[in-house]
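Heads up, my_file_14.csv below (CSV, C-alpha atoms and all ligand atoms):
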```
chain,number,residue,atom,x,y,z
A,1,MET,CA,48.6,51.1,125.4
A,2,ASN,CA,45.2,52.7,124.8
A,3,ARG,CA,42.2,51.7,126.9
A,4,ILE,CA,39.6,49.6,125.1
A,5,GLN,CA,36.6,50.8,127.1
A,6,PRO,CA,35.6,54.4,126.5
A,7,TRP,CA,36.2,56.9,129.3
A,8,SER,CA,33.1,58.4,130.9
A,9,ARG,CA,33.0,62.2,131.3
A,10,GLU,CA,33.2,61.8,135.1
A,11,GLU,CA,36.3,59.6,134.8
A,12,ILE,CA,37.9,62.1,132.5
A,13,GLN,CA,37.1,65.0,134.9
A,14,GLN,CA,38.6,63.1,137.8
A,15,ARG,CA,41.8,62.1,135.9
A,16,VAL,CA,42.2,65.7,134.6
A,17,GLU,CA,42.1,67.0,138.2
A,18,ALA,CA,44.4,64.3,139.5
A,19,LEU,CA,47.0,65.0,136.7
A,20,GLY,CA,46.9,68.8,137.0
A,21,PRO,CA,48.0,71.5,136.8
A,22,TRP,CA,48.1,71.5,133.0
A,23,PHE,CA,49.9,73.9,130.6
A,24,HIS,CA,48.0,72.7,127.6
A,25,ASN,CA,44.3,73.5,127.5
A,26,LEU,CA,43.0,70.4,125.8
A,27,ASP,CA,39.4,69.5,125.0
A,28,LEU,CA,39.0,66.0,126.2
A,29,GLN,CA,35.5,65.1,125.2
A,30,GLY,CA,34.2,68.4,126.5
A,31,VAL,CA,36.4,68.4,129.6
A,32,ARG,CA,38.9,71.3,129.5
A,33,THR,CA,42.3,70.7,131.1
A,34,ALA,CA,43.4,74.4,131.6
A,35,PRO,CA,40.4,76.6,131.2
A,36,GLU,CA,42.0,79.5,133.1
A,37,HIS,CA,45.2,79.5,131.0
A,38,PHE,CA,46.9,82.9,131.1
A,39,LEU,CA,47.3,82.9,127.3
A,40,GLY,CA,43.6,82.0,126.7
A,41,ASP,CA,42.7,78.8,124.9
A,42,TYR,CA,46.4,77.7,124.5
A,43,PRO,CA,47.8,76.3,122.4
A,44,ALA,CA,44.7,76.0,120.2
A,45,ILE,CA,44.8,79.7,119.5
A,46,LYS,CA,48.4,79.6,118.4
A,47,TRP,CA,47.8,76.4,116.3
A,48,GLY,CA,45.0,78.1,114.5
A,49,ARG,CA,47.5,80.8,113.3
A,50,PHE,CA,50.0,78.4,111.7
A,51,ALA,CA,48.2,75.1,111.1
A,52,HIS,CA,48.0,76.1,107.4
A,53,ALA,CA,51.8,75.9,107.1
A,54,ILE,CA,52.1,72.2,107.9
A,55,PRO,CA,51.1,69.6,105.4
A,56,GLN,CA,47.5,68.6,105.8
A,57,ASP,CA,48.2,65.0,105.0
A,58,LEU,CA,51.1,63.4,106.9
A,59,THR,CA,50.2,59.9,105.8
A,60,GLY,CA,53.3,57.7,106.0
A,61,LEU,CA,55.4,60.3,107.7
A,62,SER,CA,57.2,60.2,111.1
A,63,VAL,CA,57.0,63.0,113.6
A,64,LEU,CA,59.1,63.8,116.6
A,65,ASP,CA,57.5,66.3,119.1
A,66,ILE,CA,60.3,67.6,121.3
A,67,GLY,CA,59.1,69.1,124.6
A,68,CYS,CA,55.6,67.7,123.8
A,69,ASN,CA,54.1,68.7,127.2
A,70,ALA,CA,50.5,67.3,127.3
A,71,GLY,CA,50.7,66.3,123.7
A,72,PHE,CA,48.5,68.9,122.0
A,73,TYR,CA,50.7,69.0,118.8
A,74,SER,CA,51.4,65.3,118.9
A,75,ILE,CA,47.7,64.6,118.8
A,76,GLU,CA,47.2,67.1,116.0
A,77,MET,CA,50.0,65.4,113.9
A,78,LYS,CA,48.3,62.1,114.4
A,79,ARG,CA,45.0,63.6,113.3
A,80,ARG,CA,46.8,64.5,110.1
A,81,GLY,CA,47.6,60.9,109.5
A,82,ALA,CA,51.2,60.6,110.6
A,83,GLU,CA,52.3,57.0,110.6
A,84,ARG,CA,54.5,57.4,113.7
A,85,VAL,CA,54.4,60.1,116.3
A,86,LEU,CA,57.0,60.1,119.2
A,87,GLY,CA,56.6,62.8,121.9
A,88,ILE,CA,59.5,63.4,124.2
A,89,ASP,CA,59.7,65.6,127.3
A,90,SER,CA,62.0,65.9,130.3
A,91,ASP,CA,59.1,66.1,132.7
A,92,GLU,CA,57.4,62.8,133.6
A,93,GLU,CA,54.3,64.6,134.9
A,94,TYR,CA,53.6,66.2,131.6
A,95,LEU,CA,54.2,62.9,129.9
A,96,GLU,CA,51.5,61.3,132.1
A,97,GLN,CA,49.1,64.0,131.0
A,98,ALA,CA,50.1,63.3,127.3
A,99,ARG,CA,49.5,59.6,127.6
A,100,PHE,CA,46.1,60.1,129.2
A,101,ALA,CA,45.1,62.8,126.6
A,102,ALA,CA,46.2,60.5,123.7
A,103,ASP,CA,44.2,57.6,125.2
A,104,VAL,CA,41.0,59.7,125.5
A,105,SER,CA,41.5,61.0,122.0
A,106,GLY,CA,42.1,57.5,120.6
A,107,ALA,CA,45.5,58.5,119.2
A,108,ARG,CA,48.2,55.9,119.1
A,109,ILE,CA,51.3,57.9,120.1
A,110,GLU,CA,54.5,56.9,121.9
A,111,PHE,CA,55.6,59.2,124.7
A,112,ARG,CA,59.1,58.9,126.2
A,113,LYS,CA,61.0,60.7,128.9
A,114,LEU,CA,64.0,62.1,127.1
A,115,SER,CA,65.9,65.4,127.1
A,116,VAL,CA,66.6,67.2,123.9
A,117,TYR,CA,70.3,66.9,124.9
A,118,ASP,CA,69.9,63.1,124.7
A,119,LEU,CA,68.4,63.0,121.2
A,120,GLY,CA,71.4,61.0,119.9
A,121,ALA,CA,70.1,58.0,121.9
A,122,LEU,CA,67.1,57.7,119.6
A,123,GLY,CA,69.2,56.6,116.6
A,124,GLU,CA,66.4,57.6,114.3
A,125,ARG,CA,65.5,60.5,112.0
A,126,PHE,CA,62.0,61.9,111.5
A,127,ASP,CA,60.3,63.5,108.5
A,128,LEU,CA,58.9,66.3,110.7
A,129,VAL,CA,60.4,67.6,113.9
A,130,LEU,CA,58.5,69.9,116.2
A,131,PHE,CA,60.6,72.1,118.5
A,132,MET,CA,58.1,74.4,120.0
A,133,GLY,CA,58.4,76.5,123.1
A,134,VAL,CA,61.5,74.8,124.4
A,135,LEU,CA,64.5,76.8,123.2
A,136,TYR,CA,64.2,79.5,125.9
A,137,HIS,CA,63.9,76.9,128.6
A,138,LEU,CA,67.4,75.6,127.9
A,139,ARG,CA,70.7,76.7,129.3
A,140,HIS,CA,72.3,75.5,126.1
A,141,PRO,CA,69.9,76.5,123.3
A,142,LEU,CA,72.3,76.4,120.3
A,143,LEU,CA,73.5,73.0,121.3
A,144,ALA,CA,70.0,71.8,121.2
A,145,LEU,CA,69.5,73.0,117.7
A,146,ASP,CA,72.8,71.5,116.7
A,147,LEU,CA,71.8,68.1,118.2
A,148,ILE,CA,68.4,68.2,116.4
A,149,HIS,CA,70.2,68.8,113.1
A,150,GLU,CA,72.9,66.2,113.8
A,151,HIS,CA,70.6,63.4,115.1
A,152,VAL,CA,66.9,63.6,114.3
A,153,ALA,CA,65.9,66.0,111.6
A,154,ARG,CA,65.5,64.5,108.2
A,155,ASP,CA,63.5,67.2,106.4
A,156,LEU,CA,61.1,69.6,108.1
A,157,LEU,CA,61.5,71.5,111.4
A,158,VAL,CA,58.7,73.5,112.9
A,159,PHE,CA,60.3,75.8,115.5
A,160,GLN,CA,58.8,78.3,117.9
A,161,SER,CA,60.4,80.5,120.6
A,162,MET,CA,59.2,83.2,122.8
A,163,GLN,CA,60.8,86.4,121.4
A,164,ARG,CA,61.5,89.7,123.1
A,165,GLY,CA,63.1,92.9,121.9
A,166,ALA,CA,62.9,94.3,118.4
A,167,SER,CA,61.0,92.4,115.7
A,168,THR,CA,63.0,94.2,113.0
A,169,VAL,CA,65.7,92.1,111.3
A,170,GLU,CA,68.7,93.6,109.6
A,171,PRO,CA,70.7,91.7,106.9
A,172,VAL,CA,73.5,89.7,108.5
A,173,LEU,CA,77.0,90.5,107.0
A,174,GLU,CA,79.7,87.9,106.4
A,175,ASP,CA,82.0,89.9,108.7
A,176,TYR,CA,82.2,93.0,110.9
A,177,GLU,CA,85.2,95.2,111.7
A,178,PHE,CA,86.7,95.0,115.2
A,179,TRP,CA,86.0,98.7,115.6
A,180,ASP,CA,82.4,98.5,114.6
A,181,GLU,CA,80.9,98.6,118.1
A,182,ALA,CA,77.7,100.4,117.1
A,183,LEU,CA,76.2,97.3,115.7
A,184,PHE,CA,75.8,95.9,119.2
A,185,ASP,CA,73.4,98.8,120.1
A,186,ARG,CA,71.2,98.2,117.0
A,187,PRO,CA,67.9,96.6,118.1
A,188,SER,CA,67.7,94.7,114.8
A,189,PHE,CA,71.1,92.9,115.3
A,190,PRO,CA,70.7,89.3,116.6
A,191,ARG,CA,70.5,89.3,120.4
A,192,LEU,CA,70.0,86.6,123.0
A,193,HIS,CA,68.9,88.0,126.3
A,194,PHE,CA,70.1,86.1,129.4
A,195,ILE,CA,67.8,85.7,132.3
A,196,GLU,CA,69.8,85.0,135.4
A,197,HIS,CA,66.9,84.5,137.8
A,198,ARG,CA,63.3,84.5,136.5
A,199,TYR,CA,61.2,85.9,133.7
A,200,ALA,CA,57.4,85.5,134.0
A,201,HIS,CA,58.0,84.0,137.5
A,202,ASP,CA,59.6,81.0,135.7
A,203,PRO,CA,63.1,80.0,136.8
A,204,THR,CA,63.4,77.8,133.7
A,205,ASN,CA,63.4,80.7,131.3
A,206,TRP,CA,67.1,81.2,130.5
A,207,TRP,CA,67.6,82.8,127.1
A,208,VAL,CA,65.1,84.9,125.1
A,209,PRO,CA,66.1,85.8,121.5
A,210,ASN,CA,64.9,88.7,119.5
A,211,ARG,CA,63.5,87.8,116.1
A,212,ALA,CA,66.8,88.4,114.3
A,213,CYS,CA,68.5,86.0,116.7
A,214,ALA,CA,65.9,83.3,116.5
A,215,GLU,CA,66.3,83.3,112.7
A,216,ALA,CA,70.1,83.5,112.8
A,217,MET,CA,70.3,80.6,115.2
A,218,LEU,CA,68.2,78.4,113.0
A,219,ARG,CA,70.3,79.2,109.9
A,220,SER,CA,73.5,78.7,111.9
A,221,ALA,CA,72.4,75.2,112.9
A,222,GLY,CA,71.6,74.2,109.3
A,223,PHE,CA,67.9,75.0,109.0
A,224,ALA,CA,66.8,77.1,106.1
A,225,ILE,CA,63.6,79.1,106.9
A,226,THR,CA,61.0,78.5,104.3
A,227,GLU,CA,58.1,80.4,106.1
A,228,ARG,CA,57.5,82.5,109.1
A,229,ALA,CA,54.1,80.9,109.6
A,230,GLU,CA,53.2,83.0,112.7
A,231,ASP,CA,55.0,85.7,114.7
A,232,GLU,CA,57.2,83.2,116.5
A,233,VAL,CA,56.7,80.1,114.4
A,234,TYR,CA,59.1,79.0,111.6
A,235,VAL,CA,58.9,76.2,109.1
A,236,CYS,CA,62.4,75.2,108.1
A,237,ARG,CA,64.1,72.6,105.9
A,238,ARG,CA,67.2,70.8,107.0
A,239,VAL,CA,70.2,71.7,104.9
A,240,ASP,CA,73.9,71.3,105.3
A,241,ALA,CA,75.1,73.1,108.4
A,242,PRO,CA,77.5,75.9,107.7
A,243,ASP,CA,81.2,75.4,108.3
A,244,GLY,CA,82.0,75.5,112.0
A,245,ALA,CA,78.6,74.4,113.1
A,246,GLY,CA,77.8,71.1,114.7
A,247,ALA,CA,77.2,69.7,118.2
A,248,VAL,CA,80.5,68.0,118.6
A,249,TYR,CA,83.9,69.7,118.9
A,250,PRO,CA,86.4,68.3,116.5
A,251,ALA,CA,89.2,66.5,118.4
A,252,ARG,CA,91.8,69.2,118.9
A,253,GLY,CA,95.5,68.7,119.3
A,254,ARG,CA,95.5,65.3,117.5
A,255,GLU,CA,97.7,64.6,114.5
A,256,PRO,CA,95.6,64.7,111.3
A,301,LIG,C1,56.4,75.9,127.2
A,301,LIG,S1,56.3,74.2,127.1
A,301,LIG,C2,56.0,73.9,125.4
A,301,LIG,C3,55.1,72.8,125.1
A,301,LIG,C4,54.7,72.5,123.7
A,301,LIG,N1,55.9,72.1,122.9
A,301,LIG,C5,54.1,73.7,123.1
A,301,LIG,O1,54.6,74.4,122.2
A,301,LIG,O2,53.0,74.0,123.5
A,301,LIG,C6,58.0,73.6,127.3
A,301,LIG,C7,58.1,72.1,127.4
A,301,LIG,O3,59.5,71.8,127.2
A,301,LIG,C8,59.8,70.8,128.2
A,301,LIG,N2,61.3,70.8,128.3
A,301,LIG,C9,62.0,71.6,129.0
A,301,LIG,N3,63.3,71.3,128.9
A,301,LIG,C10,63.4,70.2,128.2
A,301,LIG,C11,64.5,69.4,127.7
A,301,LIG,N4,65.7,69.6,128.1
A,301,LIG,N5,64.2,68.3,126.9
A,301,LIG,C12,62.9,68.1,126.6
A,301,LIG,N6,61.8,68.8,127.0
A,301,LIG,C13,62.1,69.9,127.8
A,301,LIG,C14,59.0,71.1,129.4
A,301,LIG,O4,58.9,70.1,130.3
A,301,LIG,C15,57.7,71.6,128.8
A,301,LIG,O5,56.8,70.5,128.6
```
Would it be possible to restate this file's structure as structure tokens?
Amino acid sequence: MNRIQPWSREEIQQRVEALGPWFHNLDLQGVRTAPEHFLGDYPAIKWGRFAHAIPQDLTGLSVLDIGCNAGFYSIEMKRRGAERVLGIDSDEEYLEQARFAADVSGARIEFRKLSVYDLGALGERFDLVLFMGVLYHLRHPLLALDLIHEHVARDLLVFQSMQRGASTVEPVLEDYEFWDEALFDRPSFPRLHFIEHRYAHDPTNWWVPNRACAEAMLRSAGFAITERAEDEVYVCRRVDAPDGAGAVYPARGREP
């Protein structure tokens, strides 16, 4: 529920401090939430590089922002006229930031504590799903993409992942010979790097794909890439998942 009375600058400043630290550097009526962000004015800088690839007018459409953090993208989607925006995150502290930021921005957005693994609980599909900056934080990244496909994506998916390794992408063949071991040494072959401990001092960074792998995982989960809108950002359309994909194992050992 948004506040009726406008927030004063002093109130905003106090709340921003109380709710910190922030990952999103938002501009809340002139108050910056993370002015010292190690990536600069983030995510505004990134958004500026791919905003053109998302429909300018989202009137009448529904949006799900998975891993919404402090709500930067949720608020931008609402600014583009989305009818309904739901932001979910597994971290209640980020959700508190998001609720406050939306309130100050006058944006009617629902924020809910929910893990990407529990998407099935929503029982709802969305015209546009944002899945940005979350994949590499997951221990089960392909499962998350499968669940998005199976439960919430209706049409468009905007996906972003940190990528490391080669940015060259070789064509993927239908099959490879058992004796062809050289392909595993080729930097342009899809690779998902496992981080046992930490990367960038963050113990929640588990798997970092190279570009070929990020693209292959999307296709494998049933998302056709329509545009690489920025180095790490893809706009995709939901299509039928290839044979063998899907979040749920078929019941094995049962009579047909
Ligand atoms: C790097 S931030 C990305 C935030 C935002 N989507 C963006 O692109 O700027 C990762 C976010 O994913 C959230 N997250 C991590 N694991 C999650 C999970 N299993 N389900 C939902 N959100 C998750 C974190 O709490 C954090 O807010």
Got a sec to check which residues lie within 6 Å of ligand LIG 301 (chain A), using all atoms listed in the file, and send them as a PyMOL selection string?
-> chain A and resi 43+66-69+89-91+115-116+132-134+137
Quick one: pull the distance between CA of Pro55 in chain A and CA of Leu218 in chain A, Å, one decimal.
->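 Between CA of Pro55 in chain A and CA of Leu218 in chain A the gap is 20.7 Å.
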Kindly extract all protein, DNA and RNA residues lying within 10 Å of the coordinates (49.4, 71.1, 136.9) given in the file, considering only C-alpha atoms, and supply them as a PyMOL selection string.
-> chain A and resi 16-24+33-34+93-94+97
Quick one: everything within 10 Å of Gln56 in chain A, counting all atoms listed in the file, minus sequence neighbours fewer than 4 positions away in the same chain. Send it as an mmCIF file with C-alpha atoms, keeping the file's coordinate frame.
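In the end it all went to out.cif:
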```cif
data_model
loop_
_atom_site.group_PDB
_atom_site.id
_atom_site.type_symbol
_atom_site.label_atom_id
_atom_site.label_comp_id
_atom_site.auth_asym_id
_atom_site.auth_seq_id
_atom_site.Cartn_x
_atom_site.Cartn_y
_atom_site.Cartn_z
ATOM 1 C CA ALA A 51 48.200 75.100 111.100
ATOM 2 C CA HIS A 52 48.000 76.100 107.400
ATOM 3 C CA MET A 77 50.000 65.400 113.900
ATOM 4 C CA ARG A 79 45.000 63.600 113.300
ATOM 5 C CA ARG A 80 46.800 64.500 110.100
ATOM 6 C CA GLY A 81 47.600 60.900 109.500
#
```
Would you list the residues near (61.2, 88.0, 117.2) (no more than 9 Å away, in the coordinates of the file, using only C-alpha atoms) as a PyMOL selection string?
-> chain A and resi 161-169+209-215+231-232
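In this model, the gap between CA of Ala98 in chain A and CA of Arg154 in chain A comes to 24.6 Å.
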Rank A:Asp65, A:Asp175, A:Gly246, A:Phe38 by their smallest atom-to-atom distance to Ala200 in chain A, using all atoms listed in the file, and report the top residue only.
->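 Ranking A:Asp65, A:Asp175, A:Gly246, A:Phe38 by distance to Ala200 in chain A, first place goes to A:Phe38.
Distances here use all atoms listed in the file; by that measure, the residue among A:Tyr234, A:Trp179, A:Phe194, A:Tyr42 closest to Ala70 in chain A is A:Tyr42.
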Which residues, written as a ChimeraX atom specification, have at least one atom at most 7 Å from Leu147 in chain A, with all atoms listed in the file counted and residues fewer than 3 positions away on the same chain left out?
-> /A:117,119,143-144,150-151,247
Could you turn the residues from that selection into a file that holds C-alpha atoms, as a PDB file, in the coordinates of the input?
```
ATOM      1  CA  TYR A 117      70.300  66.900 124.900  1.00  0.00           C
ATOM      2  CA  LEU A 119      68.400  63.000 121.200  1.00  0.00           C
ATOM      3  CA  LEU A 143      73.500  73.000 121.300  1.00  0.00           C
ATOM      4  CA  ALA A 144      70.000  71.800 121.200  1.00  0.00           C
ATOM      5  CA  GLU A 150      72.900  66.200 113.800  1.00  0.00           C
ATOM      6  CA  HIS A 151      70.600  63.400 115.100  1.00  0.00           C
ATOM      7  CA  ALA A 247      77.200  69.700 118.200  1.00  0.00           C
TER       8      ALA A 247
END
```
Work out how far apart CA of Leu157 in chain A and CA of Asp127 in chain A are and give it in Å to one decimal.
->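 Distance between the two atoms: 8.6 Å.
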